[in-house]
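Dropping protein04.pdb in here (PDB, C-alpha atoms):
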ATOM      1  CA  MET A  25      91.850 129.435  56.317  1.00  0.00           C
ATOM      2  CA  ASP A  26      88.749 130.793  57.979  1.00  0.00           C
ATOM      3  CA  THR A  27      89.459 132.510  61.319  1.00  0.00           C
ATOM      4  CA  HIS A  28      86.248 131.038  62.777  1.00  0.00           C
ATOM      5  CA  VAL A  29      87.569 127.509  62.248  1.00  0.00           C
ATOM      6  CA  ILE A  30      90.894 128.424  63.855  1.00  0.00           C
ATOM      7  CA  ALA A  31      89.165 130.121  66.772  1.00  0.00           C
ATOM      8  CA  ALA A  32      86.927 127.097  67.304  1.00  0.00           C
ATOM      9  CA  GLY A  33      89.862 124.659  67.157  1.00  0.00           C
ATOM     10  CA  LEU A  34      92.177 126.429  69.608  1.00  0.00           C
ATOM     11  CA  PRO A  35      90.336 125.360  72.779  1.00  0.00           C
ATOM     12  CA  ALA A  36      90.254 121.751  71.577  1.00  0.00           C
ATOM     13  CA  LEU A  37      93.981 121.887  70.860  1.00  0.00           C
ATOM     14  CA  GLY A  38      94.599 123.337  74.325  1.00  0.00           C
ATOM     15  CA  TRP A  39      92.550 120.601  76.004  1.00  0.00           C
ATOM     16  CA  ALA A  40      94.333 117.899  74.022  1.00  0.00           C
ATOM     17  CA  PHE A  41      97.726 119.307  75.065  1.00  0.00           C
ATOM     18  CA  HIS A  42      96.605 119.545  78.704  1.00  0.00           C
ATOM     19  CA  GLY A  43      95.261 115.972  78.582  1.00  0.00           C
ATOM     20  CA  GLY A  44      98.618 114.733  77.292  1.00  0.00           C
ATOM     21  CA  ILE A  45     100.437 116.420  80.151  1.00  0.00           C
ATOM     22  CA  LEU A  46      98.048 114.881  82.688  1.00  0.00           C
ATOM     23  CA  LEU A  47      98.506 111.400  81.190  1.00  0.00           C
ATOM     24  CA  ARG A  48     102.292 111.731  81.425  1.00  0.00           C
ATOM     25  CA  ARG A  49     102.017 112.868  85.053  1.00  0.00           C
ATOM     26  CA  LEU A  50      99.747 109.936  85.876  1.00  0.00           C
ATOM     27  CA  ALA A  51     102.173 107.477  84.278  1.00  0.00           C
ATOM     28  CA  THR A  52     105.041 109.048  86.234  1.00  0.00           C
ATOM     29  CA  ALA A  53     103.062 108.818  89.492  1.00  0.00           C
ATOM     30  CA  ARG A  54     102.675 105.070  88.952  1.00  0.00           C
ATOM     31  CA  ARG A  55     106.442 104.585  88.844  1.00  0.00           C
ATOM     32  CA  ASP A  56     108.793 104.861  91.783  1.00  0.00           C
ATOM     33  CA  PRO A  57     111.171 107.723  90.910  1.00  0.00           C
ATOM     34  CA  LEU A  58     114.157 106.055  92.589  1.00  0.00           C
ATOM     35  CA  THR A  59     113.917 102.507  91.264  1.00  0.00           C
ATOM     36  CA  GLY A  60     111.759 102.895  88.166  1.00  0.00           C
ATOM     37  CA  LEU A  61     109.568 100.025  89.352  1.00  0.00           C
ATOM     38  CA  HIS A  62     105.804 100.303  89.551  1.00  0.00           C
ATOM     39  CA  THR A  63     104.428 101.789  92.766  1.00  0.00           C
ATOM     40  CA  ARG A  64     101.745  99.959  94.718  1.00  0.00           C
ATOM     41  CA  ALA A  65      99.051 101.922  92.859  1.00  0.00           C
ATOM     42  CA  GLY A  66     100.580 101.258  89.450  1.00  0.00           C
ATOM     43  CA  TRP A  67     101.199  97.575  90.158  1.00  0.00           C
ATOM     44  CA  THR A  68      98.008  96.429  91.873  1.00  0.00           C
ATOM     45  CA  ALA A  69      95.592  96.547  88.921  1.00  0.00           C
ATOM     46  CA  ARG A  70      98.045  94.784  86.602  1.00  0.00           C
ATOM     47  CA  ALA A  71      98.947  92.228  89.255  1.00  0.00           C
ATOM     48  CA  GLU A  72      95.256  91.468  89.945  1.00  0.00           C
ATOM     49  CA  HIS A  73      94.738  90.868  86.234  1.00  0.00           C
ATOM     50  CA  LEU A  74      97.760  88.541  85.999  1.00  0.00           C
ATOM     51  CA  VAL A  75      96.723  86.529  89.056  1.00  0.00           C
ATOM     52  CA  SER A  76      93.173  86.118  87.763  1.00  0.00           C
ATOM     53  CA  LYS A  77      94.240  85.046  84.254  1.00  0.00           C
ATOM     54  CA  HIS A  78      97.244  82.791  84.955  1.00  0.00           C
ATOM     55  CA  PRO A  79      96.594  79.634  87.044  1.00  0.00           C
ATOM     56  CA  GLY A  80     100.338  79.058  87.482  1.00  0.00           C
ATOM     57  CA  ALA A  81     101.093  82.585  88.718  1.00  0.00           C
ATOM     58  CA  LEU A  82     103.532  83.093  91.565  1.00  0.00           C
ATOM     59  CA  VAL A  83     103.214  86.080  93.924  1.00  0.00           C
ATOM     60  CA  LEU A  84     106.291  87.269  95.813  1.00  0.00           C
ATOM     61  CA  LEU A  85     106.904  89.633  98.707  1.00  0.00           C
ATOM     62  CA  ILE A  86     110.464  90.712  99.420  1.00  0.00           C
ATOM     63  CA  ASP A  87     111.680  92.589 102.474  1.00  0.00           C
ATOM     64  CA  LEU A  88     115.283  93.722 102.828  1.00  0.00           C
ATOM     65  CA  ASP A  89     116.800  92.541 106.100  1.00  0.00           C
ATOM     66  CA  ASP A  90     118.429  95.130 108.373  1.00  0.00           C
ATOM     67  CA  PHE A  91     117.977  97.871 105.783  1.00  0.00           C
ATOM     68  CA  LYS A  92     117.805 100.556 108.472  1.00  0.00           C
ATOM     69  CA  ALA A  93     121.358  99.656 109.508  1.00  0.00           C
ATOM     70  CA  VAL A  94     122.611 100.426 105.982  1.00  0.00           C
ATOM     71  CA  ASN A  95     121.008 103.869 106.095  1.00  0.00           C
ATOM     72  CA  ASP A  96     122.180 104.558 109.644  1.00  0.00           C
ATOM     73  CA  THR A  97     125.751 103.387 109.032  1.00  0.00           C
ATOM     74  CA  HIS A  98     126.427 104.502 105.463  1.00  0.00           C
ATOM     75  CA  GLY A  99     123.810 107.196 104.800  1.00  0.00           C
ATOM     76  CA  HIS A 100     120.710 107.496 102.663  1.00  0.00           C
ATOM     77  CA  ALA A 101     122.631 107.543  99.371  1.00  0.00           C
ATOM     78  CA  ALA A 102     123.928 104.077 100.253  1.00  0.00           C
ATOM     79  CA  GLY A 103     120.390 102.962 101.071  1.00  0.00           C
ATOM     80  CA  ASP A 104     119.248 104.297  97.707  1.00  0.00           C
ATOM     81  CA  ALA A 105     122.008 102.280  96.011  1.00  0.00           C
ATOM     82  CA  VAL A 106     120.758  99.124  97.744  1.00  0.00           C
ATOM     83  CA  LEU A 107     117.149  99.844  96.735  1.00  0.00           C
ATOM     84  CA  THR A 108     118.019 100.449  93.089  1.00  0.00           C
ATOM     85  CA  ALA A 109     120.209  97.326  92.959  1.00  0.00           C
ATOM     86  CA  THR A 110     117.393  95.266  94.499  1.00  0.00           C
ATOM     87  CA  ALA A 111     114.896  96.652  91.972  1.00  0.00           C
ATOM     88  CA  ARG A 112     117.212  95.850  89.066  1.00  0.00           C
ATOM     89  CA  ARG A 113     117.877  92.315  90.333  1.00  0.00           C
ATOM     90  CA  LEU A 114     114.182  91.609  90.859  1.00  0.00           C
ATOM     91  CA  SER A 115     113.262  92.958  87.423  1.00  0.00           C
ATOM     92  CA  ILE A 116     115.932  90.847  85.748  1.00  0.00           C
ATOM     93  CA  TRP A 117     114.752  87.760  87.613  1.00  0.00           C
ATOM     94  CA  CYS A 118     111.109  88.347  86.600  1.00  0.00           C
ATOM     95  CA  GLY A 119     112.094  88.929  82.998  1.00  0.00           C
ATOM     96  CA  ARG A 120     109.257  89.369  80.574  1.00  0.00           C
ATOM     97  CA  HIS A 121     107.087  86.892  82.482  1.00  0.00           C
ATOM     98  CA  GLY A 122     106.307  89.139  85.418  1.00  0.00           C
ATOM     99  CA  ILE A 123     105.877  92.562  86.889  1.00  0.00           C
ATOM    100  CA  ALA A 124     107.770  93.941  89.877  1.00  0.00           C
ATOM    101  CA  ALA A 125     106.956  96.793  92.242  1.00  0.00           C
ATOM    102  CA  ARG A 126     108.377  98.733  95.117  1.00  0.00           C
ATOM    103  CA  LEU A 127     105.537  98.828  97.607  1.00  0.00           C
ATOM    104  CA  GLY A 128     107.303 101.320  99.837  1.00  0.00           C
ATOM    105  CA  GLY A 129     110.420 101.621 101.955  1.00  0.00           C
ATOM    106  CA  ASP A 130     112.397  98.404 101.583  1.00  0.00           C
ATOM    107  CA  GLU A 131     109.450  96.220 100.568  1.00  0.00           C
ATOM    108  CA  PHE A 132     109.065  94.844  97.052  1.00  0.00           C
ATOM    109  CA  ALA A 133     106.537  92.598  95.330  1.00  0.00           C
ATOM    110  CA  ALA A 134     106.242  90.733  92.065  1.00  0.00           C
ATOM    111  CA  VAL A 135     103.861  88.529  90.124  1.00  0.00           C
ATOM    112  CA  VAL A 136     105.315  86.027  87.696  1.00  0.00           C
ATOM    113  CA  THR A 137     102.940  84.360  85.252  1.00  0.00           C
ATOM    114  CA  ASP A 138     105.290  81.501  84.337  1.00  0.00           C
ATOM    115  CA  PRO A 139     107.585  80.638  87.252  1.00  0.00           C
ATOM    116  CA  ALA A 140     109.267  77.893  85.192  1.00  0.00           C
ATOM    117  CA  ALA A 141     110.586  80.621  82.856  1.00  0.00           C
ATOM    118  CA  THR A 142     112.508  82.243  85.735  1.00  0.00           C
ATOM    119  CA  PRO A 143     115.841  81.021  87.134  1.00  0.00           C
ATOM    120  CA  GLY A 144     113.970  79.860  90.286  1.00  0.00           C
ATOM    121  CA  LEU A 145     113.573  81.109  93.845  1.00  0.00           C
ATOM    122  CA  PRO A 146     117.056  80.039  95.040  1.00  0.00           C
ATOM    123  CA  ALA A 147     118.554  82.100  92.201  1.00  0.00           C
ATOM    124  CA  LEU A 148     116.421  85.095  93.205  1.00  0.00           C
ATOM    125  CA  ARG A 149     117.577  84.844  96.795  1.00  0.00           C
ATOM    126  CA  ALA A 150     121.193  84.510  95.696  1.00  0.00           C
ATOM    127  CA  ALA A 151     120.858  87.579  93.449  1.00  0.00           C
ATOM    128  CA  LEU A 152     119.180  89.660  96.156  1.00  0.00           C
ATOM    129  CA  ASP A 153     121.826  88.695  98.724  1.00  0.00           C
ATOM    130  CA  GLN A 154     124.746  89.971  96.644  1.00  0.00           C
ATOM    131  CA  PRO A 155     126.605  92.923  98.207  1.00  0.00           C
ATOM    132  CA  VAL A 156     126.246  96.336  96.576  1.00  0.00           C
ATOM    133  CA  PRO A 157     129.327  98.459  95.835  1.00  0.00           C
ATOM    134  CA  HIS A 158     128.934 102.106  96.842  1.00  0.00           C
ATOM    135  CA  ASN A 159     131.570 104.839  97.271  1.00  0.00           C
ATOM    136  CA  ARG A 160     134.459 102.409  97.662  1.00  0.00           C
ATOM    137  CA  CYS A 161     132.456 100.405 100.216  1.00  0.00           C
ATOM    138  CA  THR A 162     130.783  97.050  99.879  1.00  0.00           C
ATOM    139  CA  LEU A 163     127.313  97.169 101.388  1.00  0.00           C
ATOM    140  CA  PRO A 164     125.948  93.909 102.766  1.00  0.00           C
ATOM    141  CA  VAL A 165     122.494  93.036 101.482  1.00  0.00           C
ATOM    142  CA  SER A 166     120.104  90.280 102.440  1.00  0.00           C
ATOM    143  CA  ALA A 167     116.434  89.757 101.811  1.00  0.00           C
ATOM    144  CA  SER A 168     113.626  87.591 103.078  1.00  0.00           C
ATOM    145  CA  VAL A 169     111.385  86.291 100.323  1.00  0.00           C
ATOM    146  CA  GLY A 170     107.860  85.003 100.775  1.00  0.00           C
ATOM    147  CA  HIS A 171     105.881  83.486  97.964  1.00  0.00           C
ATOM    148  CA  CYS A 172     102.519  82.001  97.143  1.00  0.00           C
ATOM    149  CA  HIS A 173     101.443  79.974  94.137  1.00  0.00           C
ATOM    150  CA  ARG A 174      98.000  80.967  92.896  1.00  0.00           C
ATOM    151  CA  ALA A 175      97.111  77.269  92.596  1.00  0.00           C
ATOM    152  CA  ASN A 176      97.430  76.898  96.393  1.00  0.00           C
ATOM    153  CA  LEU A 177      94.681  79.412  97.087  1.00  0.00           C
ATOM    154  CA  PRO A 178      91.024  78.478  97.579  1.00  0.00           C
ATOM    155  CA  VAL A 179      90.067  81.810  95.988  1.00  0.00           C
ATOM    156  CA  PRO A 180      92.655  83.123  93.523  1.00  0.00           C
ATOM    157  CA  THR A 181      92.753  86.810  94.412  1.00  0.00           C
ATOM    158  CA  LEU A 182      95.750  89.095  94.698  1.00  0.00           C
ATOM    159  CA  THR A 183      94.771  90.024  98.261  1.00  0.00           C
ATOM    160  CA  ASP A 184      94.787  86.384  99.372  1.00  0.00           C
ATOM    161  CA  ALA A 185      98.045  85.691  97.501  1.00  0.00           C
ATOM    162  CA  LEU A 186      99.754  88.692  99.111  1.00  0.00           C
ATOM    163  CA  SER A 187      98.506  87.634 102.531  1.00  0.00           C
ATOM    164  CA  ALA A 188      99.871  84.106 102.045  1.00  0.00           C
ATOM    165  CA  ALA A 189     103.185  85.470 100.686  1.00  0.00           C
ATOM    166  CA  ASP A 190     103.392  87.812 103.683  1.00  0.00           C
ATOM    167  CA  SER A 191     102.905  84.911 106.100  1.00  0.00           C
ATOM    168  CA  SER A 192     105.517  82.958 104.173  1.00  0.00           C
ATOM    169  CA  MET A 193     107.954  85.879 104.342  1.00  0.00           C
ATOM    170  CA  TYR A 194     107.556  86.238 108.109  1.00  0.00           C
ATOM    171  CA  ALA A 195     107.998  82.489 108.521  1.00  0.00           C
ATOM    172  CA  ALA A 196     111.275  82.854 106.608  1.00  0.00           C
ATOM    173  CA  LYS A 197     112.313  85.703 108.907  1.00  0.00           C
ATOM    174  CA  GLY A 198     111.412  83.515 111.887  1.00  0.00           C
ATOM    175  CA  HIS A 199     113.937  80.950 110.695  1.00  0.00           C
ATOM    176  CA  GLY A 200     116.596  83.620 110.591  1.00  0.00           C
ATOM    177  CA  ARG A 201     116.953  86.221 107.910  1.00  0.00           C
ATOM    178  CA  ARG A 202     118.077  85.433 104.368  1.00  0.00           C
ATOM    179  CA  HIS A 203     115.500  82.740 103.793  1.00  0.00           C
ATOM    180  CA  THR A 204     112.815  81.922 101.280  1.00  0.00           C
ATOM    181  CA  ARG A 205     109.539  80.249 102.212  1.00  0.00           C
TER     182      ARG A 205
END

Can you dump the structure from the file as structure tokens?
Amino acid sequence: MDTHVIAAGLPALGWAFHGGILLRRLATARRDPLTGLHTRAGWTARAEHLVSKHPGALVLLIDLDDFKAVNDTHGHAAGDAVLTATARRLSIWCGRHGIAARLGGDEFAAVVTDPAATPGLPALRAALDQPVPHNRCTLPVSASVGHCHRANLPVPTLTDALSAADSSMYAAKGHGRRHTR
């Protein structure tokens, strides 16, 4: 093989390798390292697309109740166990009809394109409220869930759906924790 061809191809090979590494890092940055769920940045574009394309979409916001008490009483490893259990439960509930995210701290979100294909909001709340075993302890868990159906919005945007779900979640908290609105 001609050494000129090899010499000309080496920089291209190097750039291709470097590009692959950058793509893997970008994909990793869009996933929460603890839960494996999408981060806010990785979730938002996909969620916007789902809300715009699916008239029956359901947007959820989930906030763990009294999460700070778990960390303060049992330590951060226990809090991590609660977060990973919550992520797993939310992902299972969404199934292949939705996308879940950890927005930060103890706040989660999801968009489900076909809510009828899920077990329903009472089942989600029941799943999220199950205790989590950790180091021979049983950690209490509860969550407040707010939701918004895309069909109930005058303008079907993710921002408006999240705002309505947020109001719904705080209304649920106002009626005592462990509620869905």

Requested in this report: On this file, the PyMOL selection byres ((chain A and resi 185) around 10) gives some set of residues; write that set as a ChimeraX atom specification.
Outcome: /A:72,75,81-85,135,171-177,179-184,186-191

**Report entry** Target residues per the PyMOL selection byres ((chain A and resi 100-106) around 10), formatted as a PyMOL selection string
**Finding:** chain A and resi 58-59+88+91-99+107-112+130+152+155-159+161-165

**Report entry** Pairwise distance for CA of Pro146 (chain A) and CA of Trp67 (chain A), rounded to one decimal in Å
**Finding:**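 Atom-to-atom, CA of Pro146 (chain A) and CA of Trp67 (chain A) are spaced 24.1 Å apart.
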
Query raised in the report: Can you tell me how far CA of Leu148 (chain A) sits from CA of Arg120 (chain A), in Å to one decimal?
Result: 15.1 Å

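Relative to CA of Pro79 (chain A), CA of Pro178 (chain A) is found at 12.0 Å.
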
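Checking A:Thr137, A:Ser115, A:Ser166, A:Ser76 one by one against Asp153 (chain A), counting only C-alpha atoms, you find the shortest gap at A:Ser166.
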
**Report entry** Option closest in space to Pro143 (chain A), from A:Ala69, A:Leu74, A:Ala195, A:Ile116 [counting only C-alpha atoms]
**Finding:**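 With only C-alpha atoms as the atom set, the closest residue is A:Ile116.
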
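The closest residue to Asp56 (chain A), picked from A:Lys77, A:His121, A:Arg126, A:Arg149 and counting all atoms listed in the file, is A:Arg126.
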
Report task. Return the single residue from A:Asp87, A:Gly60, A:Ala147, A:Arg55 that is closest to Trp117 (chain A), with distances computed using all atoms listed in the file. Result ->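 Looking only at the distances to Trp117 (chain A), the closest residue turns out to be A:Ala147.
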
**Report entry** Nearest-residue call for Leu127 (chain A), choices A:His62, A:Arg160, A:His78, A:Lys197, using only C-alpha atoms
**Finding:** A:His62

Got a minute to add N, CA, C and O atoms to region 62-74 of chain A and dump it as a PDB file, keeping the file's coordinate frame?
ATOM      1  N   HIS A  62     107.167  99.845  89.293  1.00  0.00           N
ATOM      2  CA  HIS A  62     105.804 100.303  89.551  1.00  0.00           C
ATOM      3  C   HIS A  62     105.656 100.592  91.043  1.00  0.00           C
ATOM      4  O   HIS A  62     106.285  99.935  91.873  1.00  0.00           O
ATOM      5  N   THR A  63     104.816 101.567  91.375  1.00  0.00           N
ATOM      6  CA  THR A  63     104.428 101.789  92.766  1.00  0.00           C
ATOM      7  C   THR A  63     103.280 100.838  93.086  1.00  0.00           C
ATOM      8  O   THR A  63     102.764 100.148  92.201  1.00  0.00           O
ATOM      9  N   ARG A  64     102.874 100.811  94.324  1.00  0.00           N
ATOM     10  CA  ARG A  64     101.745  99.959  94.718  1.00  0.00           C
ATOM     11  C   ARG A  64     100.524 100.264  93.845  1.00  0.00           C
ATOM     12  O   ARG A  64      99.874  99.349  93.340  1.00  0.00           O
ATOM     13  N   ALA A  65     100.226 101.538  93.653  1.00  0.00           N
ATOM     14  CA  ALA A  65      99.051 101.922  92.859  1.00  0.00           C
ATOM     15  C   ALA A  65      99.194 101.484  91.404  1.00  0.00           C
ATOM     16  O   ALA A  65      98.234 101.007  90.796  1.00  0.00           O
ATOM     17  N   GLY A  66     100.377 101.629  90.842  1.00  0.00           N
ATOM     18  CA  GLY A  66     100.580 101.258  89.450  1.00  0.00           C
ATOM     19  C   GLY A  66     100.652  99.758  89.226  1.00  0.00           C
ATOM     20  O   GLY A  66     100.383  99.262  88.135  1.00  0.00           O
ATOM     21  N   TRP A  67     101.003  99.019  90.255  1.00  0.00           N
ATOM     22  CA  TRP A  67     101.199  97.575  90.158  1.00  0.00           C
ATOM     23  C   TRP A  67      99.937  96.784  90.426  1.00  0.00           C
ATOM     24  O   TRP A  67      99.685  95.771  89.779  1.00  0.00           O
ATOM     25  N   THR A  68      99.120  97.231  91.364  1.00  0.00           N
ATOM     26  CA  THR A  68      98.008  96.429  91.873  1.00  0.00           C
ATOM     27  C   THR A  68      97.037  95.992  90.783  1.00  0.00           C
ATOM     28  O   THR A  68      96.695  94.810  90.691  1.00  0.00           O
ATOM     29  N   ALA A  69      96.578  96.912  89.947  1.00  0.00           N
ATOM     30  CA  ALA A  69      95.592  96.547  88.921  1.00  0.00           C
ATOM     31  C   ALA A  69      96.182  95.530  87.944  1.00  0.00           C
ATOM     32  O   ALA A  69      95.522  94.548  87.585  1.00  0.00           O
ATOM     33  N   ARG A  70      97.414  95.730  87.533  1.00  0.00           N
ATOM     34  CA  ARG A  70      98.045  94.784  86.602  1.00  0.00           C
ATOM     35  C   ARG A  70      98.270  93.440  87.274  1.00  0.00           C
ATOM     36  O   ARG A  70      98.083  92.390  86.675  1.00  0.00           O
ATOM     37  N   ALA A  71      98.701  93.469  88.526  1.00  0.00           N
ATOM     38  CA  ALA A  71      98.947  92.228  89.255  1.00  0.00           C
ATOM     39  C   ALA A  71      97.650  91.448  89.456  1.00  0.00           C
ATOM     40  O   ALA A  71      97.624  90.221  89.310  1.00  0.00           O
ATOM     41  N   GLU A  72      96.556  92.138  89.790  1.00  0.00           N
ATOM     42  CA  GLU A  72      95.256  91.468  89.945  1.00  0.00           C
ATOM     43  C   GLU A  72      94.864  90.768  88.652  1.00  0.00           C
ATOM     44  O   GLU A  72      94.384  89.633  88.666  1.00  0.00           O
ATOM     45  N   HIS A  73      95.070  91.446  87.538  1.00  0.00           N
ATOM     46  CA  HIS A  73      94.738  90.868  86.234  1.00  0.00           C
ATOM     47  C   HIS A  73      95.581  89.614  85.971  1.00  0.00           C
ATOM     48  O   HIS A  73      95.053  88.581  85.546  1.00  0.00           O
ATOM     49  N   LEU A  74      96.881  89.682  86.237  1.00  0.00           N
ATOM     50  CA  LEU A  74      97.760  88.541  85.999  1.00  0.00           C
ATOM     51  C   LEU A  74      97.388  87.352  86.878  1.00  0.00           C
ATOM     52  O   LEU A  74      97.369  86.208  86.414  1.00  0.00           O
TER      53      LEU A  74
END
